[in-house]
>>> print(open('entry-v5.txt').read())   # compact mmCIF, C-alpha atoms
# COMPACT_ATOMS: atom_id res chain seq x y z
CA MET A 1 72.49 75.64 -32.69
CA GLY A 2 70.51 72.90 -30.95
CA TYR A 3 70.79 69.20 -30.26
CA ARG A 4 70.11 66.06 -32.25
CA VAL A 5 67.95 64.03 -29.87
CA VAL A 6 66.68 60.45 -29.98
CA VAL A 7 63.70 59.16 -27.97
CA VAL A 8 63.83 55.37 -27.68
CA GLY A 9 60.49 53.73 -26.87
CA ALA A 10 58.56 56.69 -28.27
CA THR A 11 55.21 54.87 -28.46
CA GLY A 12 55.02 53.95 -24.75
CA ASN A 13 53.51 56.04 -21.94
CA VAL A 14 56.86 57.46 -20.82
CA GLY A 15 58.24 57.91 -24.32
CA ARG A 16 55.22 59.93 -25.42
CA GLU A 17 55.49 62.01 -22.25
CA MET A 18 59.18 62.67 -23.01
CA LEU A 19 58.18 64.05 -26.41
CA ASN A 20 55.49 66.22 -24.81
CA ILE A 21 57.87 67.64 -22.22
CA LEU A 22 60.68 68.29 -24.70
CA ALA A 23 58.18 70.38 -26.67
CA GLU A 24 56.60 72.06 -23.62
CA ARG A 25 59.94 73.14 -22.18
CA GLN A 26 61.17 74.24 -25.62
CA PHE A 27 64.26 72.06 -25.42
CA PRO A 28 66.69 73.24 -28.15
CA VAL A 29 66.17 70.41 -30.66
CA ASP A 30 67.63 70.66 -34.16
CA GLU A 31 66.52 67.18 -35.12
CA LEU A 32 64.52 64.52 -33.29
CA ALA A 33 64.23 60.79 -34.03
CA ALA A 34 61.44 58.71 -32.47
CA LEU A 35 62.42 55.04 -32.24
CA ALA A 36 60.29 51.99 -31.52
CA SER A 37 60.41 48.23 -31.82
CA ARG A 38 59.48 46.64 -35.13
CA ARG A 39 55.96 45.81 -33.99
CA SER A 40 55.32 49.55 -33.49
CA LEU A 41 57.25 50.63 -36.58
CA GLY A 42 55.56 53.42 -38.52
CA THR A 43 53.35 54.49 -35.59
CA GLU A 44 52.88 58.26 -35.53
CA VAL A 45 53.68 60.24 -32.38
CA SER A 46 53.31 63.94 -31.55
CA PHE A 47 56.14 66.34 -30.86
CA GLY A 48 54.62 69.76 -30.24
CA ASP A 49 52.77 70.70 -33.41
CA LYS A 50 54.73 68.14 -35.45
CA THR A 51 53.90 64.52 -36.16
CA LEU A 52 56.79 62.05 -36.28
CA THR A 53 56.81 58.54 -37.73
CA THR A 54 58.69 56.02 -35.60
CA GLN A 55 61.87 54.48 -36.95
CA ASP A 56 63.31 51.01 -36.31
CA LEU A 57 65.43 50.85 -33.16
CA ASP A 58 67.10 47.69 -34.43
CA THR A 59 68.71 49.33 -37.47
CA PHE A 60 69.14 52.91 -36.23
CA ASP A 61 72.63 54.44 -36.36
CA PHE A 62 73.30 56.64 -33.30
CA THR A 63 76.45 58.16 -34.81
CA GLY A 64 76.28 61.96 -34.86
CA TRP A 65 73.36 62.20 -32.40
CA ASP A 66 73.95 64.12 -29.17
CA MET A 67 71.73 62.35 -26.66
CA ALA A 68 69.24 59.51 -26.48
CA LEU A 69 66.41 59.34 -23.93
CA PHE A 70 65.67 55.66 -23.35
CA ALA A 71 62.14 54.68 -22.24
CA VAL A 72 62.27 50.93 -22.75
CA GLY A 73 62.77 48.00 -20.37
CA SER A 74 66.09 46.77 -19.06
CA ALA A 75 66.39 43.95 -21.61
CA ALA A 76 66.19 46.28 -24.63
CA THR A 77 68.34 48.88 -22.86
CA LYS A 78 71.03 46.26 -22.29
CA ASP A 79 71.15 45.61 -26.04
CA TYR A 80 70.93 49.14 -27.42
CA ALA A 81 72.26 51.61 -24.81
CA PRO A 82 75.90 50.46 -25.13
CA LYS A 83 75.63 50.78 -28.93
CA ALA A 84 74.38 54.35 -28.62
CA ALA A 85 77.02 55.22 -26.03
CA ALA A 86 79.81 53.72 -28.13
CA ALA A 87 78.64 55.84 -31.08
CA GLY A 88 79.20 58.98 -29.00
CA CYS A 89 75.54 59.58 -28.13
CA VAL A 90 74.96 60.19 -24.40
CA VAL A 91 72.28 57.84 -23.05
CA ILE A 92 69.78 59.02 -20.43
CA ASP A 93 68.21 55.76 -19.29
CA ASN A 94 64.85 55.42 -17.55
CA SER A 95 65.17 51.67 -16.85
CA SER A 96 66.72 50.21 -13.70
CA LEU A 97 69.65 48.63 -15.57
CA TYR A 98 72.39 51.17 -14.77
CA ARG A 99 71.08 52.86 -11.61
CA TYR A 100 73.35 50.95 -9.23
CA ASP A 101 76.43 50.91 -11.48
CA PRO A 102 79.17 52.92 -9.68
CA ASP A 103 80.41 54.21 -13.05
CA VAL A 104 76.99 55.62 -14.02
CA PRO A 105 75.66 58.77 -12.30
CA LEU A 106 72.11 58.54 -10.93
CA ILE A 107 70.68 62.04 -11.12
CA VAL A 108 67.79 64.13 -9.85
CA PRO A 109 68.85 67.61 -11.02
CA GLU A 110 67.39 69.40 -7.97
CA CYS A 111 69.47 67.16 -5.68
CA ASN A 112 72.83 66.22 -7.21
CA PRO A 113 73.43 68.18 -10.45
CA GLN A 114 77.20 67.99 -9.96
CA ALA A 115 77.04 64.23 -10.62
CA VAL A 116 76.41 64.89 -14.33
CA HIS A 117 80.16 65.23 -14.91
CA GLY A 118 80.55 61.51 -14.16
CA TYR A 119 78.67 60.58 -17.35
CA SER A 120 81.85 60.20 -19.41
CA LYS A 121 82.94 56.87 -17.88
CA LYS A 122 80.26 55.01 -19.85
CA ASN A 123 78.50 57.83 -21.72
CA ILE A 124 75.37 56.85 -19.76
CA ILE A 125 73.28 58.64 -17.10
CA ALA A 126 70.60 56.85 -15.10
CA ASN A 127 67.14 58.18 -14.23
CA PRO A 128 65.92 57.02 -10.78
CA ASN A 129 62.84 55.01 -9.89
CA CYS A 130 59.62 57.04 -9.93
CA SER A 131 58.93 56.69 -6.20
CA THR A 132 62.49 57.71 -5.30
CA ALA A 133 62.63 60.76 -7.59
CA GLN A 134 59.78 62.64 -5.94
CA MET A 135 60.86 61.76 -2.40
CA VAL A 136 64.47 62.93 -2.72
CA VAL A 137 63.37 66.31 -4.12
CA ALA A 138 61.75 66.88 -0.72
CA LEU A 139 64.47 65.21 1.37
CA LYS A 140 67.56 66.99 -0.03
CA PRO A 141 66.86 70.57 1.15
CA LEU A 142 65.82 69.28 4.59
CA HIS A 143 68.94 67.11 4.78
CA ASP A 144 71.12 70.11 3.93
CA ARG A 145 69.66 71.95 6.92
CA ALA A 146 69.36 69.31 9.67
CA THR A 147 71.01 66.04 8.41
CA ILE A 148 68.60 63.13 7.96
CA LYS A 149 69.34 59.98 9.98
CA ARG A 150 66.41 57.77 8.99
CA VAL A 151 63.42 57.74 6.65
CA VAL A 152 60.32 55.55 6.93
CA VAL A 153 58.18 55.79 3.80
CA SER A 154 54.93 54.15 2.72
CA THR A 155 54.00 54.64 -0.92
CA TYR A 156 50.63 54.73 -2.66
CA GLN A 157 51.65 54.11 -6.27
CA SER A 158 49.39 54.50 -9.29
CA VAL A 159 48.85 51.81 -11.89
CA SER A 160 50.54 53.87 -14.64
CA GLY A 161 53.79 52.87 -12.96
CA ALA A 162 53.10 49.43 -14.44
CA GLY A 163 52.56 50.85 -17.94
CA LYS A 164 49.58 50.81 -20.25
CA GLU A 165 48.67 47.24 -19.24
CA GLY A 166 48.31 48.35 -15.63
CA MET A 167 46.04 51.23 -16.56
CA ASP A 168 43.94 48.98 -18.81
CA GLU A 169 43.57 46.39 -16.07
CA LEU A 170 42.28 48.94 -13.55
CA TRP A 171 39.84 50.32 -16.14
CA ASP A 172 38.56 46.89 -17.20
CA GLN A 173 38.25 45.55 -13.64
CA THR A 174 36.44 48.68 -12.47
CA LYS A 175 33.85 48.27 -15.23
CA ALA A 176 33.56 44.55 -14.40
CA VAL A 177 32.68 45.28 -10.77
CA TYR A 178 29.52 46.97 -12.02
CA ASN A 179 28.90 44.30 -14.64
CA PRO A 180 29.82 40.97 -12.99
CA ILE A 181 29.13 39.04 -16.20
CA ASN A 182 32.46 40.34 -17.56
CA GLU A 183 34.85 39.23 -14.81
CA VAL A 184 38.44 40.39 -15.42
CA GLU A 185 41.10 38.20 -13.82
CA PRO A 186 44.37 39.82 -12.63
CA LYS A 187 47.15 39.62 -15.24
CA LYS A 188 49.43 42.59 -14.77
CA PHE A 189 48.92 42.68 -11.00
CA GLN A 190 49.04 39.86 -8.45
CA LYS A 191 45.49 40.45 -7.19
CA GLN A 192 42.46 42.52 -8.17
CA ILE A 193 43.48 46.19 -8.31
CA ALA A 194 40.03 47.77 -8.72
CA PHE A 195 38.70 48.89 -5.30
CA ASN A 196 41.72 47.28 -3.67
CA VAL A 197 45.32 47.97 -2.62
CA ILE A 198 48.23 45.57 -3.17
CA PRO A 199 51.32 45.71 -0.89
CA HIS A 200 53.55 44.21 -3.58
CA ILE A 201 55.47 46.01 -6.36
CA ASP A 202 58.21 44.17 -8.30
CA VAL A 203 59.63 40.83 -7.09
CA PHE A 204 60.17 39.63 -3.53
CA MET A 205 63.72 39.50 -2.17
CA GLU A 206 65.26 37.17 0.42
CA ASP A 207 64.76 39.56 3.36
CA GLY A 208 61.01 39.86 2.66
CA SER A 209 61.19 43.29 1.05
CA THR A 210 60.28 43.81 -2.60
CA LYS A 211 62.64 45.06 -5.31
CA GLU A 212 60.71 48.35 -5.45
CA GLU A 213 61.35 48.89 -1.74
CA TRP A 214 65.03 48.02 -2.16
CA LYS A 215 65.29 50.51 -5.04
CA MET A 216 64.07 53.35 -2.82
CA VAL A 217 66.70 52.48 -0.20
CA ALA A 218 69.64 52.11 -2.59
CA GLU A 219 68.77 55.12 -4.77
CA THR A 220 68.20 57.52 -1.87
CA LYS A 221 71.63 56.61 -0.55
CA LYS A 222 73.28 57.12 -3.97
CA ILE A 223 71.53 60.42 -4.74
CA VAL A 224 71.39 62.13 -1.33
CA ASP A 225 73.72 60.51 1.23
CA PRO A 226 74.90 56.91 1.80
CA ALA A 227 74.57 57.43 5.57
CA ILE A 228 70.78 57.84 5.46
CA LYS A 229 68.86 54.79 6.67
CA VAL A 230 65.69 54.11 4.67
CA THR A 231 62.90 51.61 5.13
CA ALA A 232 60.03 51.47 2.64
CA THR A 233 56.69 49.74 2.11
CA CYS A 234 55.51 50.10 -1.48
CA VAL A 235 51.82 49.69 -2.27
CA ARG A 236 49.90 49.73 -5.55
CA VAL A 237 46.60 51.63 -5.36
CA PRO A 238 43.66 52.04 -7.79
CA VAL A 239 44.74 55.45 -9.10
CA PHE A 240 45.53 55.95 -12.79
CA VAL A 241 48.34 58.55 -12.54
CA GLY A 242 50.17 60.10 -9.59
CA HIS A 243 52.22 58.51 -6.81
CA SER A 244 51.70 59.51 -3.18
CA GLU A 245 53.99 58.92 -0.20
CA ALA A 246 53.66 59.23 3.55
CA VAL A 247 57.19 60.08 4.72
CA ASN A 248 58.49 60.03 8.30
CA ILE A 249 61.91 61.66 8.73
CA GLU A 250 64.27 61.54 11.71
CA PHE A 251 67.00 64.22 11.80
CA GLU A 252 70.31 64.64 13.63
CA GLU A 253 69.19 68.13 14.69
CA PHE A 254 65.81 69.53 15.67
CA LEU A 255 63.92 71.02 12.72
CA ASP A 256 60.77 72.97 13.46
CA GLU A 257 57.80 72.22 11.18
CA ASP A 258 57.45 75.92 10.29
CA GLU A 259 61.08 76.16 9.25
CA ALA A 260 60.75 72.92 7.26
CA ARG A 261 57.73 74.40 5.48
CA ASP A 262 59.71 77.55 4.64
CA ILE A 263 62.68 75.51 3.37
CA LEU A 264 60.46 73.42 1.12
CA ARG A 265 58.67 76.52 -0.22
CA GLU A 266 62.05 77.77 -1.47
CA ALA A 267 63.24 74.38 -2.75
CA PRO A 268 63.51 73.84 -6.54
CA GLY A 269 60.85 71.56 -8.01
CA VAL A 270 58.68 71.67 -4.85
CA MET A 271 55.25 73.20 -4.33
CA VAL A 272 53.96 73.38 -0.74
CA ILE A 273 50.17 73.21 -0.32
CA ASP A 274 49.68 72.79 3.42
CA LYS A 275 46.59 74.25 5.04
CA ARG A 276 45.24 72.58 8.14
CA GLU A 277 41.69 72.44 6.91
CA ALA A 278 39.49 70.17 4.81
CA GLY A 279 41.01 69.96 1.34
CA GLY A 280 44.12 71.90 2.30
CA TYR A 281 46.46 69.28 0.81
CA VAL A 282 47.17 67.80 -2.62
CA THR A 283 45.93 64.44 -3.92
CA PRO A 284 47.20 62.54 -6.98
CA VAL A 285 44.28 63.57 -9.20
CA GLU A 286 45.28 67.22 -8.76
CA CYS A 287 48.96 66.75 -9.64
CA VAL A 288 48.48 65.08 -13.03
CA GLY A 289 50.20 67.00 -15.82
CA ASP A 290 52.17 69.20 -13.42
CA PHE A 291 55.96 69.47 -13.19
CA ALA A 292 56.09 70.01 -9.43
CA THR A 293 56.39 67.62 -6.51
CA PHE A 294 53.68 68.67 -4.04
CA ILE A 295 54.23 68.57 -0.28
CA SER A 296 51.43 68.71 2.30
CA ARG A 297 50.69 67.65 5.91
CA ILE A 298 54.06 68.86 7.28
CA ARG A 299 54.02 68.29 11.03
CA GLN A 300 56.21 67.41 13.98
CA ASP A 301 56.49 63.75 15.03
CA SER A 302 56.37 63.86 18.82
CA THR A 303 57.24 60.15 19.18
CA ILE A 304 60.91 60.69 18.33
CA GLU A 305 63.38 63.41 19.32
CA ASN A 306 63.86 65.15 15.96
CA GLY A 307 61.06 63.94 13.72
CA LEU A 308 58.81 65.26 10.97
CA ASN A 309 56.00 63.77 8.92
CA LEU A 310 54.97 64.90 5.44
CA TRP A 311 52.80 63.89 2.49
CA CYS A 312 54.42 63.89 -0.96
CA VAL A 313 52.53 63.68 -4.28
CA SER A 314 53.76 63.85 -7.88
CA ASP A 315 52.85 62.85 -11.43
CA ASN A 316 54.92 59.66 -11.78
CA LEU A 317 54.97 59.85 -15.59
CA ARG A 318 56.48 63.32 -15.32
CA LYS A 319 58.80 63.87 -12.34
CA GLY A 320 59.02 60.13 -11.79
CA ALA A 321 60.16 59.46 -15.34
CA ALA A 322 59.91 61.70 -18.40
CA LEU A 323 60.35 65.13 -16.78
CA ASN A 324 63.41 64.07 -14.80
CA ALA A 325 64.97 62.61 -17.97
CA VAL A 326 64.41 65.88 -19.84
CA GLN A 327 65.78 67.87 -16.88
CA ILE A 328 68.90 65.68 -17.03
CA ALA A 329 69.14 66.44 -20.77
CA GLU A 330 68.89 70.17 -19.99
CA LEU A 331 71.57 69.83 -17.31
CA LEU A 332 73.84 67.86 -19.64
CA GLY A 333 73.46 70.50 -22.32
CA ARG A 334 74.00 73.39 -19.93
CA GLU A 335 76.98 71.97 -18.03
CA VAL A 336 78.74 69.70 -20.53
CA LEU A 337 77.71 69.78 -24.19
CA LYS A 338 76.92 73.52 -24.32
CA LYS A 339 75.33 73.67 -27.77
CA GLY A 340 71.76 74.85 -27.12
>>> encode(input="entry-v5.txt", output="C-alpha cells")
Amino acid sequence: MGYRVVVVGATGNVGREMLNILAERQFPVDELAALASRRSLGTEVSFGDKTLTTQDLDTFDFTGWDMALFAVGSAATKDYAPKAAAAGCVVIDNSSLYRYDPDVPLIVPECNPQAVHGYSKKNIIANPNCSTAQMVVALKPLHDRATIKRVVVSTYQSVSGAGKEGMDELWDQTKAVYNPINEVEPKKFQKQIAFNVIPHIDVFMEDGSTKEEWKMVAETKKIVDPAIKVTATCVRVPVFVGHSEAVNIEFEEFLDEDEARDILREAPGVMVIDKREAGGYVTPVECVGDFATFISRIRQDSTIENGLNLWCVSDNLRKGAALNAVQIAELLGREVLKKG
C-alpha cells in the first residue's frame, strides 16, 4: 500500500525535478496528481515512464491525499497550503513562507530528522533555502564532533536558482555577447549575468545584507544549532545549474583536517573528492543530476585557533530543492504515516 501524492507547481523546474526524483527513488506512490496554475493547465509532464496531464490547482480537492509537495512561490503557497493542510494532506513546502514559523519544522533529513514529528501543529513541513541545504549537510557531522562557533560562507549560486527566466537570461545574454546586434538587457537579474558575477540575491535589508544571506543565517540556526554564528555573502554566477560555496568554519575544539575528511566521508548525503592536485576537486558542472553534496579543498585555517576551510558543491535543483523535499516525504512516510 503506497501514498497518494500531489505535486503542486509540476510544470516548473523544481516541480518537474520532484517528479523525476519520486520516480528515480521508487517512492511508494499509489496515485499521483500533478497540479499547475490555469495558464499551464493541460500541460503534460513525465513521471517515470508515465505521462501525466496537469490539473487545476484552483479547484483541486486535497481531501484523501497523503502529502503534497509544493513547488510554487510564497504567494500561491499562502493561498493553497493551508487548504491542503486543513484537508488532512501534509504539505512539504519549498517556498520561504513557513521556514521561520516556530510551529513548522524546517528539515534537512541528514541533519535533523527528529524534527519531522513537529509537523502536526500545522500539517506543514518546510524545505530550506537551496544554499542552506547543502551547507548544513556538511556542517552537522563536524558540529557533532567539535562544536561550531562561527561560519563565514561565500556562495557562487547558479542562475537556475532564479528559475527558468534566470536560465533563459544567461543563455540569451551569452549569445548576444557574440552577436552584439541582439543586445539583451537585464530583466531577471539586476545587472548583466553573462560573463559577470552579481553580489546580490533577493532584496536588500536594513543592515546591508540581502534576504538570501539572512536566510542562510536564520536557517542554519534553526536546523543545526541556534548558538552558531553565521555570516554570508551570496553571489550569482553565470552557471546554469549547481551552487558552490567557500565555507570557513571556526570550532570550539581543534579538529584536524584529516579527521574532518574522514568524518565527512562517513556522513550521509556527502561525497568527498579532495585530492591536492589539478582537477582533484568538484565543480558545479560535474555535480548536475547527482544526489550528493560534494566536499573538496578541506584544509586547516592557520589564521584562527580552531579553523577549517572547505569547498561545497551541489545540484541546487536536487539537494537544494526537489531531492530534499522527496527525502522529507520518505522520512514522513517512514517515521509517521507508515503506509509505504
>>> residues_around(input="entry-v5.txt", residues="Gly289 in chain A", least_positions_apart="6", cutoff="9 Å", atoms="all atoms listed in the file", output="VMD selection string")
chain A and resid 315 317 to 318
>>> atom_distance(input="entry-v5.txt", atom1="CA of Lys78 in chain A", atom2="CA of Ala321 in chain A")
18.5 Å
>>> closest_residue(input="entry-v5.txt", among="A:Ser296, A:Ser154, A:Thr132, A:Thr233", to="Gly279 in chain A", atoms="all atoms listed in the file")
A:Ser296
>>> closest_residue(input="entry-v5.txt", among="A:Asn316, A:Ser74, A:Asn196, A:Thr63", to="Val177 in chain A", atoms="all atoms listed in the file")
A:Asn196
>>> atom_distance(input="entry-v5.txt", atom1="CA of Gly118 in chain A", atom2="CA of Glu219 in chain A")
16.4 Å
>>> atom_distance(input="entry-v5.txt", atom1="CA of Asp256 in chain A", atom2="CA of Gln114 in chain A")
29.0 Å
